[in-house]
>>> print(open('work-v4.cif').read())   # mmCIF, C-alpha atoms
data_input
#
loop_
_atom_site.label_atom_id
_atom_site.label_comp_id
_atom_site.auth_asym_id
_atom_site.auth_seq_id
_atom_site.Cartn_x
_atom_site.Cartn_y
_atom_site.Cartn_z
CA MET A 1 91.43 -27.98 -20.02
CA THR A 2 90.36 -26.77 -23.46
CA GLU A 3 88.88 -30.14 -24.34
CA LEU A 4 87.19 -30.44 -20.95
CA HIS A 5 85.70 -26.95 -20.87
CA PRO A 6 85.16 -25.63 -24.35
CA GLU A 7 83.18 -22.64 -23.01
CA MET A 8 86.41 -21.28 -21.49
CA HIS A 9 88.01 -20.57 -24.83
CA GLU A 10 89.98 -17.42 -25.44
CA ARG A 11 87.26 -15.52 -27.20
CA ARG A 12 85.14 -15.63 -24.10
CA ILE A 13 88.01 -14.45 -21.91
CA LEU A 14 88.64 -11.61 -24.34
CA GLY A 15 84.96 -10.68 -24.21
CA THR A 16 85.04 -10.55 -20.42
CA GLU A 17 88.18 -8.41 -20.44
CA LEU A 18 86.68 -6.01 -22.97
CA LEU A 19 83.52 -5.73 -20.89
CA TRP A 20 85.60 -4.99 -17.78
CA ALA A 21 87.71 -2.44 -19.67
CA PHE A 22 84.52 -0.76 -20.88
CA GLY A 23 83.18 -0.58 -17.31
CA VAL A 24 86.43 0.90 -16.01
CA GLY A 25 86.46 3.35 -18.93
CA VAL A 26 82.95 4.50 -18.01
CA LEU A 27 84.03 5.02 -14.38
CA VAL A 28 87.13 7.01 -15.37
CA ALA A 29 85.09 9.13 -17.79
CA ALA A 30 82.42 9.76 -15.13
CA THR A 31 85.05 10.76 -12.55
CA LEU A 32 86.80 13.13 -14.96
CA SER A 33 83.44 14.62 -16.02
CA MET A 34 82.56 15.25 -12.38
CA ILE A 35 85.88 17.02 -11.77
CA VAL A 36 85.47 19.17 -14.91
CA PHE A 37 81.83 19.92 -14.01
CA THR A 38 82.70 21.10 -10.48
CA ALA A 39 85.63 23.11 -11.86
CA LEU A 40 83.41 24.93 -14.36
CA THR A 41 80.27 25.39 -12.27
CA MET A 42 81.56 25.60 -8.67
CA ASN A 43 85.00 27.07 -9.25
CA ILE A 44 86.76 24.15 -7.59
CA ASN A 45 90.23 23.87 -9.10
CA PRO A 46 93.66 22.85 -7.90
CA PRO A 47 95.63 26.00 -7.03
CA SER A 48 97.98 26.58 -9.95
CA ASN A 49 99.72 29.87 -9.35
CA VAL A 50 103.33 30.07 -10.55
CA GLU A 51 104.93 33.27 -9.34
CA ARG A 52 108.60 33.81 -8.51
CA ILE A 53 109.89 35.85 -5.60
CA ASP A 54 113.40 36.31 -4.21
CA PRO A 55 113.48 34.42 -0.89
CA LYS A 56 116.61 36.26 0.26
CA ALA A 57 114.85 39.61 0.00
CA LEU A 58 111.42 38.48 1.16
CA HIS A 59 111.39 40.74 4.22
CA LEU A 60 112.61 43.66 2.10
CA SER A 61 110.25 43.29 -0.82
CA GLY A 62 107.03 45.22 -0.68
CA GLU A 63 104.44 42.50 -0.53
CA PHE A 64 105.84 40.31 2.24
CA ALA A 65 107.44 43.04 4.34
CA GLU A 66 106.26 42.86 7.94
CA HIS A 67 103.81 45.75 7.76
CA ASN A 68 102.07 44.11 4.78
CA LEU A 69 101.45 40.77 6.45
CA GLY A 70 98.00 39.70 7.58
CA THR A 71 94.68 40.53 6.01
CA THR A 72 94.09 43.60 3.89
CA VAL A 73 90.89 44.82 2.28
CA ALA A 74 91.61 46.70 -0.94
CA ALA A 75 89.68 49.72 -2.16
CA ASP A 76 87.65 47.49 -4.48
CA GLY A 77 86.63 45.30 -1.52
CA SER A 78 88.81 42.33 -2.38
CA VAL A 79 90.32 40.57 0.61
CA THR A 80 93.95 39.41 0.48
CA THR A 81 95.85 37.65 3.25
CA ARG A 82 99.64 37.50 3.16
CA VAL A 83 101.51 35.09 5.38
CA VAL A 84 105.20 34.24 5.70
CA ALA A 85 105.96 30.65 6.64
CA THR A 86 109.29 30.40 8.38
CA GLN A 87 111.07 28.00 10.71
CA PHE A 88 109.06 27.49 12.91
CA MET A 89 106.11 29.82 12.78
CA PHE A 90 103.63 31.52 10.53
CA VAL A 91 103.73 35.31 10.53
CA PRO A 92 101.24 36.50 11.65
CA ARG A 93 100.23 33.68 13.99
CA CYS A 94 96.55 34.64 13.79
CA ILE A 95 94.82 35.50 10.54
CA ALA A 96 91.42 37.19 10.40
CA VAL A 97 89.28 36.43 7.35
CA PRO A 98 85.65 37.21 6.55
CA GLN A 99 82.89 34.63 6.38
CA GLY A 100 81.12 34.22 3.05
CA ARG A 101 83.49 36.37 0.97
CA ARG A 102 86.11 35.37 -1.55
CA VAL A 103 89.55 35.54 0.03
CA THR A 104 92.95 35.37 -1.67
CA LEU A 105 95.56 33.69 0.50
CA ARG A 106 99.19 34.31 -0.44
CA PHE A 107 102.11 32.55 1.21
CA SER A 108 105.85 32.61 0.82
CA THR A 109 108.90 31.42 2.73
CA PRO A 110 112.47 32.65 3.13
CA ASP A 111 113.97 29.35 4.30
CA VAL A 112 112.83 25.79 3.55
CA ILE A 113 109.82 24.02 2.04
CA HIS A 114 106.72 24.28 4.20
CA GLY A 115 103.14 23.21 3.62
CA LEU A 116 99.85 24.13 5.16
CA LEU A 117 96.21 23.26 5.36
CA ILE A 118 93.28 24.92 7.05
CA THR A 119 91.17 22.41 8.90
CA GLY A 120 87.63 21.91 7.66
CA THR A 121 88.33 23.63 4.33
CA ASN A 122 89.89 22.65 1.03
CA VAL A 123 92.85 25.01 1.55
CA ASN A 124 95.98 22.88 1.21
CA THR A 125 99.20 23.97 -0.45
CA MET A 126 102.95 23.72 -0.37
CA VAL A 127 105.05 26.81 0.30
CA VAL A 128 108.30 26.58 -1.63
CA PRO A 129 111.20 29.04 -1.29
CA GLY A 130 111.37 31.28 -4.35
CA TYR A 131 107.67 31.04 -5.14
CA VAL A 132 104.40 32.59 -3.96
CA ALA A 133 101.73 30.02 -3.14
CA GLN A 134 98.28 31.45 -3.81
CA VAL A 135 94.90 29.96 -2.94
CA HIS A 136 91.45 31.46 -3.47
CA THR A 137 88.67 30.28 -1.21
CA GLU A 138 85.51 31.25 0.64
CA PHE A 139 85.05 30.39 4.30
CA THR A 140 81.50 29.24 4.86
CA ARG A 141 81.44 28.99 8.68
CA SER A 142 82.70 31.39 11.30
CA GLY A 143 84.99 30.32 14.11
CA ASP A 144 88.64 29.55 14.77
CA LEU A 145 90.35 27.09 12.45
CA LEU A 146 93.74 25.48 12.89
CA MET A 147 96.39 26.02 10.22
CA PRO A 148 99.34 23.67 10.85
CA CYS A 149 102.47 23.22 8.78
CA HIS A 150 102.10 19.83 7.12
CA GLU A 151 105.51 19.49 5.51
CA TYR A 152 108.33 18.48 7.85
CA CYS A 153 110.52 21.58 8.01
CA GLY A 154 112.86 20.88 10.90
CA ILE A 155 113.05 20.11 14.58
CA GLY A 156 110.34 22.63 15.53
CA HIS A 157 107.90 21.54 12.82
CA SER A 158 105.29 20.27 15.27
CA GLU A 159 105.15 23.70 16.93
CA MET A 160 104.48 25.49 13.66
CA TRP A 161 100.84 26.39 13.39
CA ALA A 162 98.58 29.42 13.14
CA THR A 163 94.95 30.23 13.80
CA VAL A 164 92.55 31.33 11.10
CA GLN A 165 89.79 33.38 12.68
CA VAL A 166 86.74 33.41 10.40
CA LEU A 167 84.71 36.46 11.36
CA PRO A 168 81.05 37.07 10.52
CA GLU A 169 80.53 40.02 8.17
CA GLY A 170 79.50 42.30 11.07
CA GLU A 171 82.73 41.66 12.98
CA PHE A 172 85.06 41.91 10.00
CA LYS A 173 85.98 45.58 10.21
CA PRO A 174 89.06 46.92 8.42
CA ASP A 175 90.90 49.86 10.00
CA SER A 176 91.75 53.08 8.19
CA GLU A 177 94.56 51.32 6.28
CA GLY A 178 92.33 48.41 5.29
CA LYS A 179 94.03 46.01 7.70
CA VAL A 180 92.03 43.49 9.72
CA SER A 181 93.48 41.84 12.83
CA CYS A 182 92.21 38.96 14.90
CA ALA A 183 89.58 39.89 17.46
CA GLN A 184 90.80 39.60 21.02
CA ARG A 185 88.68 37.04 22.81
CA MET B 1 103.41 -52.70 -0.04
CA HIS B 2 103.77 -49.66 2.11
CA SER B 3 106.38 -47.03 1.43
CA ASP B 4 107.68 -44.57 4.03
CA GLN B 5 105.47 -41.89 2.61
CA PRO B 6 101.79 -42.28 3.51
CA SER B 7 99.43 -41.99 0.62
CA ALA B 8 95.74 -41.24 0.39
CA SER B 9 95.00 -44.86 -0.38
CA ASP B 10 96.44 -45.90 2.98
CA SER B 11 93.48 -44.57 4.85
CA PRO B 12 89.93 -45.66 4.21
CA PHE B 13 88.83 -42.08 4.95
CA GLU B 14 91.12 -40.42 2.44
CA VAL B 15 90.24 -41.79 -0.91
CA ALA B 16 91.44 -39.85 -3.91
CA ASP B 17 88.61 -37.72 -5.32
CA GLU B 18 86.89 -39.07 -8.31
CA VAL B 19 86.46 -36.22 -10.74
CA ASP B 20 82.94 -35.87 -12.00
CA GLU B 21 83.61 -34.17 -15.30
CA ALA B 22 80.06 -32.94 -15.71
CA ALA B 23 80.00 -31.41 -12.22
CA LEU B 24 83.40 -29.81 -12.81
CA ALA B 25 82.16 -28.30 -16.05
CA ARG B 26 79.15 -26.85 -14.22
CA VAL B 27 81.39 -25.31 -11.56
CA MET B 28 83.79 -23.91 -14.12
CA ARG B 29 80.88 -22.18 -15.85
CA VAL B 30 80.12 -20.32 -12.61
CA VAL B 31 83.69 -19.48 -11.55
CA PRO B 32 84.27 -16.62 -14.08
CA LEU B 33 80.93 -15.14 -13.09
CA GLY B 34 81.92 -15.30 -9.41
CA ALA B 35 85.26 -13.66 -10.14
CA GLY B 36 83.45 -10.92 -12.04
CA VAL B 37 80.99 -10.35 -9.20
CA LEU B 38 83.81 -10.25 -6.63
CA ALA B 39 85.91 -7.79 -8.66
CA GLY B 40 82.81 -5.75 -9.52
CA ALA B 41 81.76 -5.53 -5.87
CA ALA B 42 85.28 -4.48 -4.82
CA VAL B 43 85.43 -1.74 -7.46
CA ALA B 44 81.86 -0.63 -6.68
CA LEU B 45 82.73 -0.26 -2.99
CA LEU B 46 85.84 1.72 -3.88
CA VAL B 47 83.90 4.04 -6.20
CA LEU B 48 81.11 4.48 -3.64
CA GLY B 49 83.68 5.39 -0.98
CA TYR B 50 85.30 7.90 -3.34
CA LEU B 51 81.91 9.42 -4.24
CA ALA B 52 80.89 9.64 -0.58
CA ILE B 53 84.09 11.52 0.35
CA TYR B 54 83.88 13.71 -2.77
CA LEU B 55 80.20 14.65 -2.43
CA LEU B 56 79.80 14.68 1.36
CA VAL B 57 83.19 16.08 2.44
CA PHE B 58 85.10 17.73 -0.39
CA ILE B 59 82.28 19.63 -2.14
CA PRO B 60 80.67 21.04 1.08
CA ARG B 61 84.09 22.41 2.11
CA GLY B 62 83.60 24.99 -0.55
CA THR B 63 85.33 26.67 -3.44
CA ILE B 64 89.06 26.45 -3.94
CA GLY B 65 91.41 27.53 -6.68
#
>>> encode(input="work-v4.cif", output="structure tokens")
Amino acid sequence: MTELHPEMHERRILGTELLWAFGVGVLVAATLSMIVFTALTMNINPPSNVERIDPKALHLSGEFAEHNLGTTVAADGSVTTRVVATQFMFVPRCIAVPQGRRVTLRFSTPDVIHGLLITGTNVNTMVVPGYVAQVHTEFTRSGDLLMPCHEYCGIGHSEMWATVQVLPEGEFKPDSEGKVSCAQR
Amino acid sequence: MHSDQPSASDSPFEVADEVDEAALARVMRVVPLGAGVLAGAAVALLVLGYLAIYLLVFIPRGTIG
């Protein structure tokens, strides 16, 4: 072949491979730059909270005790939602959140590994026993969103879902304790 | 003499190709370019699909962290 087609010698193959490697390198660099750019300018990052909690005492500990679950508006106006994921339901089953405000979502579980996503948003996390999963986000549209468990957690997994009710600012009204419940519709 | 195995020379319609070395050389000059275009188009489609999902779906879904 070499005698027949001298233009196919190794140097030319090497040149083609280097050109291809350069092109792929440019693509990888552009992709990474885009991810870094959106992280720095638009606050889009993978959730990376590492926080331990005792799963055996989850219902006894302050933060995830039953009366603390759901959405709370603190004195400084920050909105925090606490949810327990358990076989086979989220507690509470309906979560009220404000539209257009930064919300901190905190999840934990006393039993097995769960996962969740909120449809139409970038909220997507695992909920691992012994840890608190935390996601910050801002809901841009009002309405009811589905929040299913997306990690197989047992025989009732398919029945494990909750509703996220995104309320316009005018309808998001905390009570005297700062708690906000889903509007009855 | 005919053997049990038919050969191309048995049939007047199946004559072994005569290799035109000059034509083959011309084709072989184009083949690497074609492979490059094919691979480039495949990667370009993949990157365009990724960009479309990233810019039209992921980014409009809002902040996360």
>>> closest_atom_pairs(input="work-v4.cif", of="chain A", to="chain B", cutoff="6 Å", atoms="all atoms listed in the file", output="CSV")
residue,atom,partner,partner_atom,distance
A:Asn43,CA,B:Thr63,CA,5.8
A:Ile44,CA,B:Ile64,CA,4.9
A:Asn45,CA,B:Gly65,CA,4.5
A:Pro46,CA,B:Gly65,CA,5.3
A:Pro47,CA,B:Gly65,CA,4.5
A:Thr121,CA,B:Arg61,CA,4.9
A:Asn122,CA,B:Arg61,CA,5.9
A:Val135,CA,B:Gly65,CA,5.7
A:His136,CA,B:Gly65,CA,5.1
A:Thr137,CA,B:Ile64,CA,4.7
>>> write_last_selection(input="work-v4.cif", atoms="C-alpha atoms", output="PDB file, in the frame of the given file")
ATOM      1  CA  ASN A  43      85.000  27.070  -9.250  1.00  0.00           C
ATOM      2  CA  ILE A  44      86.760  24.150  -7.590  1.00  0.00           C
ATOM      3  CA  ASN A  45      90.230  23.870  -9.100  1.00  0.00           C
ATOM      4  CA  PRO A  46      93.660  22.850  -7.900  1.00  0.00           C
ATOM      5  CA  PRO A  47      95.630  26.000  -7.030  1.00  0.00           C
ATOM      6  CA  THR A 121      88.330  23.630   4.330  1.00  0.00           C
ATOM      7  CA  ASN A 122      89.890  22.650   1.030  1.00  0.00           C
ATOM      8  CA  VAL A 135      94.900  29.960  -2.940  1.00  0.00           C
ATOM      9  CA  HIS A 136      91.450  31.460  -3.470  1.00  0.00           C
ATOM     10  CA  THR A 137      88.670  30.280  -1.210  1.00  0.00           C
TER      11      THR A 137
END
>>> resolve_selection(input="work-v4.cif", expression="the PyMOL selection byres ((chain A and resi 165-176) around 6)", output="list in words")
Ile95, Ala96, Val97, Pro98, Gln99, Ser142, Gly143, Asp144, Val164, Glu177, Gly178, Lys179 and Val180 of chain A
>>> atom_distance(input="work-v4.cif", atom1="CA of Ala162 (chain A)", atom2="CA of Ala74 (chain A)")
23.4 Å
>>> atom_distance(input="work-v4.cif", atom1="CA of Ala133 (chain A)", atom2="CA of Val50 (chain A)")
7.6 Å
>>> residues_around(input="work-v4.cif", residues="Gly70 (chain A)", least_positions_apart="2", cutoff="12 Å", atoms="only C-alpha atoms", output="PyMOL selection string")
chain A and resi 63-68+72-73+79-84+90-97+104-107+162-165+174+178-182
>>> write_last_selection(input="work-v4.cif", atoms="C-alpha atoms", output="compact mmCIF listing (two decimals), in the frame of the given file")
# COMPACT_ATOMS: atom_id res chain seq x y z
CA GLU A 63 104.44 42.50 -0.53
CA PHE A 64 105.84 40.31 2.24
CA ALA A 65 107.44 43.04 4.34
CA GLU A 66 106.26 42.86 7.94
CA HIS A 67 103.81 45.75 7.76
CA ASN A 68 102.07 44.11 4.78
CA THR A 72 94.09 43.60 3.89
CA VAL A 73 90.89 44.82 2.28
CA VAL A 79 90.32 40.57 0.61
CA THR A 80 93.95 39.41 0.48
CA THR A 81 95.85 37.65 3.25
CA ARG A 82 99.64 37.50 3.16
CA VAL A 83 101.51 35.09 5.38
CA VAL A 84 105.20 34.24 5.70
CA PHE A 90 103.63 31.52 10.53
CA VAL A 91 103.73 35.31 10.53
CA PRO A 92 101.24 36.50 11.65
CA ARG A 93 100.23 33.68 13.99
CA CYS A 94 96.55 34.64 13.79
CA ILE A 95 94.82 35.50 10.54
CA ALA A 96 91.42 37.19 10.40
CA VAL A 97 89.28 36.43 7.35
CA THR A 104 92.95 35.37 -1.67
CA LEU A 105 95.56 33.69 0.50
CA ARG A 106 99.19 34.31 -0.44
CA PHE A 107 102.11 32.55 1.21
CA ALA A 162 98.58 29.42 13.14
CA THR A 163 94.95 30.23 13.80
CA VAL A 164 92.55 31.33 11.10
CA GLN A 165 89.79 33.38 12.68
CA PRO A 174 89.06 46.92 8.42
CA GLY A 178 92.33 48.41 5.29
CA LYS A 179 94.03 46.01 7.70
CA VAL A 180 92.03 43.49 9.72
CA SER A 181 93.48 41.84 12.83
CA CYS A 182 92.21 38.96 14.90
>>> residues_around(input="work-v4.cif", residues="His150 (chain A)", least_positions_apart="3", cutoff="12 Å", atoms="all atoms listed in the file", output="list of chain:residue names")
A:Ala85, A:Phe88, A:Ile113, A:His114, A:Gly115, A:Leu116, A:Leu117, A:Ile118, A:Thr119, A:Val123, A:Asn124, A:Thr125, A:Met126, A:Val127, A:Leu146, A:Met147, A:Cys153, A:Gly154, A:His157, A:Ser158, A:Glu159, A:Met160, A:Trp161, A:Ala162
>>> atom_distance(input="work-v4.cif", atom1="CA of Thr71 (chain A)", atom2="CA of Glu151 (chain A)")
23.7 Å
>>> resolve_selection(input="work-v4.cif", expression="the PyMOL selection byres ((chain A and resi 54) around 9)", output="list in words")
Arg52, Ile53, Pro55, Lys56, Ala57, Leu58, Ser61, Pro110, Pro129, Gly130 and Tyr131 of chain A
